[in-house]
Structure formats: C-alpha cells, structure tokens
$ cat input.cif   # mmCIF, C-alpha atoms, pLDDT in the B column; chains and numbers go by the auth columns
data_target
loop_
_atom_site.group_PDB
_atom_site.id
_atom_site.type_symbol
_atom_site.label_atom_id
_atom_site.label_comp_id
_atom_site.label_asym_id
_atom_site.label_seq_id
_atom_site.Cartn_x
_atom_site.Cartn_y
_atom_site.Cartn_z
_atom_site.B_iso_or_equiv
_atom_site.auth_seq_id
_atom_site.auth_asym_id
ATOM 1 C CA MET A 1 0.000 0.000 0.000 93.00 1 A
ATOM 2 C CA PRO A 2 1.445 3.441 -0.896 97.00 2 A
ATOM 3 C CA GLU A 3 2.736 5.684 1.865 98.00 3 A
ATOM 4 C CA PHE A 4 2.090 9.413 2.141 98.00 4 A
ATOM 5 C CA MET A 5 3.546 12.330 4.048 98.00 5 A
ATOM 6 C CA ASP A 6 1.005 15.041 4.560 98.00 6 A
ATOM 7 C CA VAL A 7 1.760 18.506 5.803 98.00 7 A
ATOM 8 C CA HIS A 8 -0.316 20.924 7.846 98.00 8 A
ATOM 9 C CA THR A 9 1.081 24.450 7.938 98.00 9 A
ATOM 10 C CA THR A 10 -1.134 26.387 10.337 97.00 10 A
ATOM 11 C CA MET A 11 -1.127 24.451 13.606 97.00 11 A
ATOM 12 C CA GLN A 12 0.782 27.057 15.599 98.00 12 A
ATOM 13 C CA GLY A 13 0.671 26.396 19.329 98.00 13 A
ATOM 14 C CA VAL A 14 -0.374 22.760 18.970 97.00 14 A
ATOM 15 C CA THR A 15 0.075 20.908 22.259 97.00 15 A
ATOM 16 C CA ALA A 16 0.873 17.246 22.806 97.00 16 A
ATOM 17 C CA GLN A 17 -2.706 16.725 23.971 97.00 17 A
ATOM 18 C CA ALA A 18 -4.201 18.489 20.941 97.00 18 A
ATOM 19 C CA LEU A 19 -2.019 16.516 18.530 97.00 19 A
ATOM 20 C CA THR A 20 -2.914 13.243 20.230 97.00 20 A
ATOM 21 C CA GLU A 21 -6.615 14.123 20.064 97.00 21 A
ATOM 22 C CA ALA A 22 -6.327 15.030 16.374 96.00 22 A
ATOM 23 C CA HIS A 23 -4.410 11.828 15.658 96.00 23 A
ATOM 24 C CA ASP A 24 -6.935 9.746 17.606 97.00 24 A
ATOM 25 C CA ALA A 25 -9.769 11.352 15.607 97.00 25 A
ATOM 26 C CA ASP A 26 -8.061 10.096 12.432 97.00 26 A
ATOM 27 C CA LEU A 27 -7.474 6.634 13.869 98.00 27 A
ATOM 28 C CA ALA A 28 -11.128 6.323 14.880 98.00 28 A
ATOM 29 C CA ILE A 29 -12.363 6.555 11.266 98.00 29 A
ATOM 30 C CA GLN A 30 -9.337 5.577 9.150 98.00 30 A
ATOM 31 C CA ASP A 31 -10.696 2.086 8.442 98.00 31 A
ATOM 32 C CA ASP A 32 -13.550 3.642 6.447 98.00 32 A
ATOM 33 C CA GLU A 33 -11.003 4.521 3.741 98.00 33 A
ATOM 34 C CA GLY A 34 -8.456 1.741 4.258 98.00 34 A
ATOM 35 C CA VAL A 35 -5.937 4.257 5.619 98.00 35 A
ATOM 36 C CA THR A 36 -3.448 3.645 8.437 98.00 36 A
ATOM 37 C CA PHE A 37 -2.026 6.736 10.112 98.00 37 A
ATOM 38 C CA LYS A 38 1.393 5.871 11.480 97.00 38 A
ATOM 39 C CA GLN A 39 2.938 8.871 13.150 97.00 39 A
ATOM 40 C CA ALA A 40 2.702 12.652 13.436 98.00 40 A
ATOM 41 C CA TRP A 41 5.416 15.206 14.230 98.00 41 A
ATOM 42 C CA ALA A 42 4.663 18.829 15.122 98.00 42 A
ATOM 43 C CA ASP A 43 6.510 22.103 15.508 98.00 43 A
ATOM 44 C CA PRO A 44 4.230 24.328 17.610 98.00 44 A
ATOM 45 C CA GLU A 45 6.280 27.422 16.820 98.00 45 A
ATOM 46 C CA SER A 46 6.041 27.318 13.009 98.00 46 A
ATOM 47 C CA GLY A 47 2.717 25.470 13.009 98.00 47 A
ATOM 48 C CA MET A 48 4.051 22.704 10.776 98.00 48 A
ATOM 49 C CA VAL A 49 2.719 19.189 11.311 98.00 49 A
ATOM 50 C CA PHE A 50 3.992 16.190 9.329 98.00 50 A
ATOM 51 C CA CYS A 51 1.847 13.086 9.244 98.00 51 A
ATOM 52 C CA LEU A 52 2.909 9.706 7.828 98.00 52 A
ATOM 53 C CA SER A 53 0.251 7.328 6.582 98.00 53 A
ATOM 54 C CA GLU A 54 -0.380 4.332 4.388 98.00 54 A
ATOM 55 C CA GLY A 55 -3.442 4.071 2.216 98.00 55 A
ATOM 56 C CA PRO A 56 -4.925 3.530 -1.214 98.00 56 A
ATOM 57 C CA SER A 57 -4.583 7.180 -2.348 98.00 57 A
ATOM 58 C CA ALA A 58 -3.857 10.738 -1.258 98.00 58 A
ATOM 59 C CA GLU A 59 -7.562 11.457 -1.675 98.00 59 A
ATOM 60 C CA ALA A 60 -8.437 8.716 0.829 98.00 60 A
ATOM 61 C CA VAL A 61 -5.981 10.202 3.332 98.00 61 A
ATOM 62 C CA GLN A 62 -7.471 13.655 2.825 98.00 62 A
ATOM 63 C CA ARG A 63 -11.031 12.425 3.251 98.00 63 A
ATOM 64 C CA ILE A 64 -10.150 11.104 6.717 98.00 64 A
ATOM 65 C CA HIS A 65 -8.321 14.298 7.671 98.00 65 A
ATOM 66 C CA GLU A 66 -11.256 16.393 6.440 98.00 66 A
ATOM 67 C CA ARG A 67 -13.838 14.374 8.351 97.00 67 A
ATOM 68 C CA ALA A 68 -11.645 14.601 11.462 97.00 68 A
ATOM 69 C CA GLY A 69 -11.669 18.384 11.089 96.00 69 A
ATOM 70 C CA HIS A 70 -8.081 19.041 9.995 96.00 70 A
ATOM 71 C CA PRO A 71 -7.588 18.827 6.219 97.00 71 A
ATOM 72 C CA ALA A 72 -3.950 18.669 5.124 98.00 72 A
ATOM 73 C CA ASP A 73 -2.453 21.552 3.161 98.00 73 A
ATOM 74 C CA HIS A 74 -0.296 19.180 1.099 98.00 74 A
ATOM 75 C CA ILE A 75 -0.159 15.411 0.666 98.00 75 A
ATOM 76 C CA TYR A 76 2.878 13.828 -0.971 98.00 76 A
ATOM 77 C CA PRO A 77 3.255 10.182 -1.968 98.00 77 A
ATOM 78 C CA VAL A 78 6.627 8.975 -0.637 98.00 78 A
ATOM 79 C CA PRO A 79 7.466 5.848 -2.633 98.00 79 A
ATOM 80 C CA VAL A 80 11.220 6.348 -2.202 98.00 80 A
ATOM 81 C CA GLN A 81 12.615 5.833 1.295 97.00 81 A
ATOM 82 C CA ALA A 82 15.941 5.372 3.009 96.00 82 A
ATOM 83 C CA MET B 1 17.949 14.852 22.380 93.00 83 B
ATOM 84 C CA PRO B 2 15.632 17.023 20.236 97.00 84 B
ATOM 85 C CA GLU B 3 14.203 15.634 17.020 98.00 85 B
ATOM 86 C CA PHE B 4 13.976 17.506 13.736 98.00 86 B
ATOM 87 C CA MET B 5 12.126 17.113 10.458 98.00 87 B
ATOM 88 C CA ASP B 6 13.997 18.711 7.630 98.00 88 B
ATOM 89 C CA VAL B 7 12.605 19.331 4.190 98.00 89 B
ATOM 90 C CA HIS B 8 14.300 19.410 0.811 98.00 90 B
ATOM 91 C CA THR B 9 12.128 20.839 -1.936 98.00 91 B
ATOM 92 C CA THR B 10 14.115 20.409 -5.159 97.00 92 B
ATOM 93 C CA MET B 11 14.985 16.713 -5.410 97.00 93 B
ATOM 94 C CA GLN B 12 12.773 15.989 -8.413 98.00 94 B
ATOM 95 C CA GLY B 13 13.526 12.626 -9.971 98.00 95 B
ATOM 96 C CA VAL B 14 15.328 11.260 -6.924 97.00 96 B
ATOM 97 C CA THR B 15 15.745 7.486 -7.190 97.00 97 B
ATOM 98 C CA ALA B 16 15.931 4.929 -4.402 97.00 98 B
ATOM 99 C CA GLN B 17 19.644 4.553 -5.070 97.00 99 B
ATOM 100 C CA ALA B 18 20.280 8.316 -5.014 97.00 100 B
ATOM 101 C CA LEU B 19 18.336 8.746 -1.774 97.00 101 B
ATOM 102 C CA THR B 20 20.198 5.867 -0.149 97.00 102 B
ATOM 103 C CA GLU B 21 23.524 7.324 -1.253 97.00 103 B
ATOM 104 C CA ALA B 22 22.570 10.763 0.110 96.00 104 B
ATOM 105 C CA HIS B 23 21.387 9.219 3.380 97.00 105 B
ATOM 106 C CA ASP B 24 24.572 7.142 3.667 97.00 106 B
ATOM 107 C CA ALA B 25 26.652 10.285 3.118 97.00 107 B
ATOM 108 C CA ASP B 26 24.902 11.827 6.137 97.00 108 B
ATOM 109 C CA LEU B 27 25.344 8.699 8.243 98.00 109 B
ATOM 110 C CA ALA B 28 29.069 8.571 7.477 98.00 110 B
ATOM 111 C CA ILE B 29 29.740 11.939 9.137 98.00 111 B
ATOM 112 C CA GLN B 30 26.784 12.447 11.508 98.00 112 B
ATOM 113 C CA ASP B 31 28.832 11.525 14.589 98.00 113 B
ATOM 114 C CA ASP B 32 30.945 14.654 14.074 98.00 114 B
ATOM 115 C CA GLU B 33 27.948 16.722 15.180 98.00 115 B
ATOM 116 C CA GLY B 34 26.213 14.251 17.493 98.00 116 B
ATOM 117 C CA VAL B 35 23.374 13.861 14.994 98.00 117 B
ATOM 118 C CA THR B 36 21.467 10.643 14.232 98.00 118 B
ATOM 119 C CA PHE B 37 19.585 10.534 10.950 98.00 119 B
ATOM 120 C CA LYS B 38 16.664 8.159 11.326 97.00 120 B
ATOM 121 C CA GLN B 39 14.679 7.998 8.112 97.00 121 B
ATOM 122 C CA ALA B 40 14.054 9.792 4.844 98.00 122 B
ATOM 123 C CA TRP B 41 10.945 9.832 2.660 98.00 123 B
ATOM 124 C CA ALA B 42 10.924 11.163 -0.904 98.00 124 B
ATOM 125 C CA ASP B 43 8.424 12.121 -3.579 98.00 125 B
ATOM 126 C CA PRO B 44 10.355 12.100 -6.870 98.00 126 B
ATOM 127 C CA GLU B 45 7.543 13.894 -8.685 98.00 127 B
ATOM 128 C CA SER B 46 7.324 17.012 -6.506 98.00 128 B
ATOM 129 C CA GLY B 47 10.958 16.836 -5.418 98.00 129 B
ATOM 130 C CA MET B 48 10.039 16.901 -1.726 98.00 130 B
ATOM 131 C CA VAL B 49 12.220 14.936 0.682 98.00 131 B
ATOM 132 C CA PHE B 50 11.461 14.694 4.403 98.00 132 B
ATOM 133 C CA CYS B 51 14.248 13.649 6.721 98.00 133 B
ATOM 134 C CA LEU B 52 13.843 12.794 10.420 98.00 134 B
ATOM 135 C CA SER B 53 16.810 13.201 12.728 98.00 135 B
ATOM 136 C CA GLU B 54 17.836 13.583 16.335 98.00 136 B
ATOM 137 C CA GLY B 55 20.575 15.953 17.359 98.00 137 B
ATOM 138 C CA PRO B 56 21.703 18.823 19.532 98.00 138 B
ATOM 139 C CA SER B 57 20.369 21.584 17.227 98.00 139 B
ATOM 140 C CA ALA B 58 18.969 22.389 13.794 98.00 140 B
ATOM 141 C CA GLU B 59 22.319 23.976 12.971 98.00 141 B
ATOM 142 C CA ALA B 60 24.116 20.705 13.691 98.00 142 B
ATOM 143 C CA VAL B 61 21.713 18.841 11.390 98.00 143 B
ATOM 144 C CA GLN B 62 22.260 21.417 8.658 98.00 144 B
ATOM 145 C CA ARG B 63 26.057 21.264 8.980 98.00 145 B
ATOM 146 C CA ILE B 64 25.952 17.521 8.231 98.00 146 B
ATOM 147 C CA HIS B 65 23.543 17.981 5.318 98.00 147 B
ATOM 148 C CA GLU B 66 25.732 20.779 3.914 98.00 148 B
ATOM 149 C CA ARG B 67 28.931 18.764 4.175 98.00 149 B
ATOM 150 C CA ALA B 68 27.162 15.813 2.528 97.00 150 B
ATOM 151 C CA GLY B 69 26.239 18.090 -0.370 96.00 151 B
ATOM 152 C CA HIS B 70 22.501 18.491 0.161 96.00 152 B
ATOM 153 C CA PRO B 71 21.582 21.359 2.514 97.00 153 B
ATOM 154 C CA ALA B 72 17.984 21.318 3.709 98.00 154 B
ATOM 155 C CA ASP B 73 15.610 24.072 2.645 98.00 155 B
ATOM 156 C CA HIS B 74 13.830 24.021 6.006 98.00 156 B
ATOM 157 C CA ILE B 75 14.542 22.372 9.347 98.00 157 B
ATOM 158 C CA TYR B 76 11.777 22.160 11.946 98.00 158 B
ATOM 159 C CA PRO B 77 12.142 20.994 15.532 98.00 159 B
ATOM 160 C CA VAL B 78 9.359 18.466 16.210 98.00 160 B
ATOM 161 C CA PRO B 79 9.027 18.278 19.989 98.00 161 B
ATOM 162 C CA VAL B 80 5.346 17.305 19.819 98.00 162 B
ATOM 163 C CA GLN B 81 4.589 13.838 18.459 97.00 163 B
ATOM 164 C CA ALA B 82 1.692 11.420 18.309 96.00 164 B
#
$ encode --input "input.cif" --output "structure tokens"
Amino acid sequence: MPEFMDVHTTMQGVTAQALTEAHDADLAIQDDEGVTFKQAWADPESGMVFCLSEGPSAEAVQRIHERAGHPADHIYPVPVQA
Amino acid sequence: MPEFMDVHTTMQGVTAQALTEAHDADLAIQDDEGVTFKQAWADPESGMVFCLSEGPSAEAVQRIHERAGHPADHIYPVPVQA
C-alpha cells in the first residue's frame, strides 16, 4: 500500500494533547477509507505538522483528515525511502 | 535529544539509489555533530524529501547535510509527536 507524508502548515501552538486528540480522531475513522495513520510530528512554533500514513490514495488520506476536522495543506506520496 | 524534520524541496527525480547514497553520506559523518539521521521519505515527482533526525540543534543537522552536499531548505524541531 502506498505511503504518504502530509503537511499541515497552520497548527501554531499545537500541544501534545491536541495533537494526540487530532491523531486519535483520524485513527477512529481511518478504516472507512483503508488508511493507516502511522505517526505525526509537530513544531508548535512554526505550526508545521507532518503526518505519515499508508493508504490507497492521497484522496483517501485527505477524506479522513477532512472528516476529522483538519484537512492537510499538502499530501505527498513517498514511494522512495531510506 | 531534540528531534527535527527537515525538508528538501528540489529533489525531483530522486531514485531509491540516489536517496540511499545521500542518506549514507549523512550517516558517514553524523557523529561529528552528534546527529542521528533516522529515516528519509521522498516524492520524486514534486521533489520533496522529508528527513527525520535527532541531534543537539537544527544547525548541527544542517552542517551535516551541507557537508554531505545536500543542505535542507527548512529544518523544523518536532518536539510534539503522536
């Protein structure tokens, strides 16, 4: 299944609790689209959040993020890894 | 030790071999700055590469990337994770 790195750019001030709640909101509905969210990394100062997932398509990833209330600003397939 | 996500934005066409070689070039000298590069994810189409590391500072991460020939365009501390 393809992997994706999505980027949120406006989450300034995000706390550990808020990120966990956002991530849990994705996890709760991810099966509806066959997506597996793996990990999220946040920089509260810049507002950047990076979110690694596996799923059938970028659109499927975005549908989960949208329903969870935090659409991604960019979603990149990441087929090449090291 | 703080973790960082750095972003390269102009690696269009990057292959698995090229990414591995770039990553290995970081690994070979990372001890000089007390940095540990963990993983890299690339989208050859957009040219975006995301690189997760642990180290004493963003400057230390950048010094390794610069010496290895591929300075990052952005480096974000990612103290908040889920």
$ closest_residue --input "input.cif" --among "A:Ala22, A:Ile64, A:Val80, A:Ala28" --to "Cys133 in chain B" --atoms "only C-alpha atoms"
A:Val80
$ interface_residues --input "input.cif" --of "chain A" --to "chain B" --cutoff "10 Å" --atoms "all atoms listed in the file" --output "PyMOL selection string"
chain A and resi 3-5+14-24+38-52+76-82
$ atom_distance --input "input.cif" --atom1 "CA of Ile75 in chain A" --atom2 "CA of His147 in chain B"
24.3 Å
$ resolve_selection --input "input.cif" --expression "the PyMOL selection byres ((chain B and resi 117) around 12)" --output "MDAnalysis selection string"
chainID B and resid 83:86 108:116 118:120 134:147
$ write_last_selection --input "input.cif" --atoms "C-alpha atoms" --output "mmCIF file, in the coordinates of the input"
data_model
loop_
_atom_site.group_PDB
_atom_site.id
_atom_site.type_symbol
_atom_site.label_atom_id
_atom_site.label_comp_id
_atom_site.auth_asym_id
_atom_site.auth_seq_id
_atom_site.Cartn_x
_atom_site.Cartn_y
_atom_site.Cartn_z
ATOM 1 C CA MET B 83 17.949 14.852 22.380
ATOM 2 C CA PRO B 84 15.632 17.023 20.236
ATOM 3 C CA GLU B 85 14.203 15.634 17.020
ATOM 4 C CA PHE B 86 13.976 17.506 13.736
ATOM 5 C CA ASP B 108 24.902 11.827 6.137
ATOM 6 C CA LEU B 109 25.344 8.699 8.243
ATOM 7 C CA ALA B 110 29.069 8.571 7.477
ATOM 8 C CA ILE B 111 29.740 11.939 9.137
ATOM 9 C CA GLN B 112 26.784 12.447 11.508
ATOM 10 C CA ASP B 113 28.832 11.525 14.589
ATOM 11 C CA ASP B 114 30.945 14.654 14.074
ATOM 12 C CA GLU B 115 27.948 16.722 15.180
ATOM 13 C CA GLY B 116 26.213 14.251 17.493
ATOM 14 C CA THR B 118 21.467 10.643 14.232
ATOM 15 C CA PHE B 119 19.585 10.534 10.950
ATOM 16 C CA LYS B 120 16.664 8.159 11.326
ATOM 17 C CA LEU B 134 13.843 12.794 10.420
ATOM 18 C CA SER B 135 16.810 13.201 12.728
ATOM 19 C CA GLU B 136 17.836 13.583 16.335
ATOM 20 C CA GLY B 137 20.575 15.953 17.359
ATOM 21 C CA PRO B 138 21.703 18.823 19.532
ATOM 22 C CA SER B 139 20.369 21.584 17.227
ATOM 23 C CA ALA B 140 18.969 22.389 13.794
ATOM 24 C CA GLU B 141 22.319 23.976 12.971
ATOM 25 C CA ALA B 142 24.116 20.705 13.691
ATOM 26 C CA VAL B 143 21.713 18.841 11.390
ATOM 27 C CA GLN B 144 22.260 21.417 8.658
ATOM 28 C CA ARG B 145 26.057 21.264 8.980
ATOM 29 C CA ILE B 146 25.952 17.521 8.231
ATOM 30 C CA HIS B 147 23.543 17.981 5.318
#
$ axis_aligned_box --input "input.cif" --around "range 128-135 of chain B" --padding-each-side "4 Å" --output "AutoDock Vina command-line options"
--center_x 12.1 --center_y 14.9 --center_z 3.1 --size_x 17.5 --size_y 12.2 --size_z 27.2
$ atom_distance --input "input.cif" --atom1 "CA of Val7 in chain A" --atom2 "CA of Arg149 in chain B"
27.2 Å
$ resolve_selection --input "input.cif" --expression "the PyMOL selection byres ((chain A and resi 72) around 6)" --output "PyMOL selection string"
chain A and resi 7-8+71+73-74
$ atom_distance --input "input.cif" --atom1 "CA of Asp6 in chain A" --atom2 "CA of His152 in chain B"
22.2 Å
$ decode --input "input.cif" --residues "range 54-68 of chain A" --atoms "N, CA and C atoms" --output "PDB file, in the first residue's frame"
ATOM      1  N   GLU A  54      -0.360   5.333   5.458  1.00  0.00           N
ATOM      2  CA  GLU A  54      -0.380   4.332   4.388  1.00  0.00           C
ATOM      3  C   GLU A  54      -1.827   4.211   3.954  1.00  0.00           C
ATOM      4  N   GLY A  55      -2.056   4.156   2.656  1.00  0.00           N
ATOM      5  CA  GLY A  55      -3.442   4.071   2.216  1.00  0.00           C
ATOM      6  C   GLY A  55      -3.531   3.917   0.717  1.00  0.00           C
ATOM      7  N   PRO A  56      -4.747   3.780   0.217  1.00  0.00           N
ATOM      8  CA  PRO A  56      -4.925   3.530  -1.214  1.00  0.00           C
ATOM      9  C   PRO A  56      -4.638   4.750  -2.087  1.00  0.00           C
ATOM     10  N   SER A  57      -4.786   5.978  -1.537  1.00  0.00           N
ATOM     11  CA  SER A  57      -4.583   7.180  -2.348  1.00  0.00           C
ATOM     12  C   SER A  57      -4.473   8.405  -1.444  1.00  0.00           C
ATOM     13  N   ALA A  58      -3.922   9.478  -2.005  1.00  0.00           N
ATOM     14  CA  ALA A  58      -3.857  10.738  -1.258  1.00  0.00           C
ATOM     15  C   ALA A  58      -5.271  11.237  -0.949  1.00  0.00           C
ATOM     16  N   GLU A  59      -6.191  10.996  -1.875  1.00  0.00           N
ATOM     17  CA  GLU A  59      -7.562  11.457  -1.675  1.00  0.00           C
ATOM     18  C   GLU A  59      -8.202  10.758  -0.473  1.00  0.00           C
ATOM     19  N   ALA A  60      -7.902   9.462  -0.310  1.00  0.00           N
ATOM     20  CA  ALA A  60      -8.437   8.716   0.829  1.00  0.00           C
ATOM     21  C   ALA A  60      -7.884   9.289   2.141  1.00  0.00           C
ATOM     22  N   VAL A  61      -6.587   9.591   2.140  1.00  0.00           N
ATOM     23  CA  VAL A  61      -5.981  10.202   3.332  1.00  0.00           C
ATOM     24  C   VAL A  61      -6.659  11.533   3.640  1.00  0.00           C
ATOM     25  N   GLN A  62      -6.873  12.333   2.601  1.00  0.00           N
ATOM     26  CA  GLN A  62      -7.471  13.655   2.825  1.00  0.00           C
ATOM     27  C   GLN A  62      -8.906  13.543   3.317  1.00  0.00           C
ATOM     28  N   ARG A  63      -9.642  12.563   2.789  1.00  0.00           N
ATOM     29  CA  ARG A  63     -11.031  12.425   3.251  1.00  0.00           C
ATOM     30  C   ARG A  63     -11.083  12.170   4.756  1.00  0.00           C
ATOM     31  N   ILE A  64     -10.169  11.353   5.264  1.00  0.00           N
ATOM     32  CA  ILE A  64     -10.150  11.104   6.717  1.00  0.00           C
ATOM     33  C   ILE A  64      -9.787  12.385   7.466  1.00  0.00           C
ATOM     34  N   HIS A  65      -8.736  13.060   6.999  1.00  0.00           N
ATOM     35  CA  HIS A  65      -8.321  14.298   7.671  1.00  0.00           C
ATOM     36  C   HIS A  65      -9.444  15.344   7.658  1.00  0.00           C
ATOM     37  N   GLU A  66     -10.164  15.408   6.533  1.00  0.00           N
ATOM     38  CA  GLU A  66     -11.256  16.393   6.440  1.00  0.00           C
ATOM     39  C   GLU A  66     -12.384  16.051   7.415  1.00  0.00           C
ATOM     40  N   ARG A  67     -12.753  14.777   7.437  1.00  0.00           N
ATOM     41  CA  ARG A  67     -13.838  14.374   8.351  1.00  0.00           C
ATOM     42  C   ARG A  67     -13.432  14.555   9.804  1.00  0.00           C
ATOM     43  N   ALA A  68     -12.133  14.419  10.087  1.00  0.00           N
ATOM     44  CA  ALA A  68     -11.645  14.601  11.462  1.00  0.00           C
ATOM     45  C   ALA A  68     -11.471  16.080  11.805  1.00  0.00           C
TER      46      ALA A  68
END
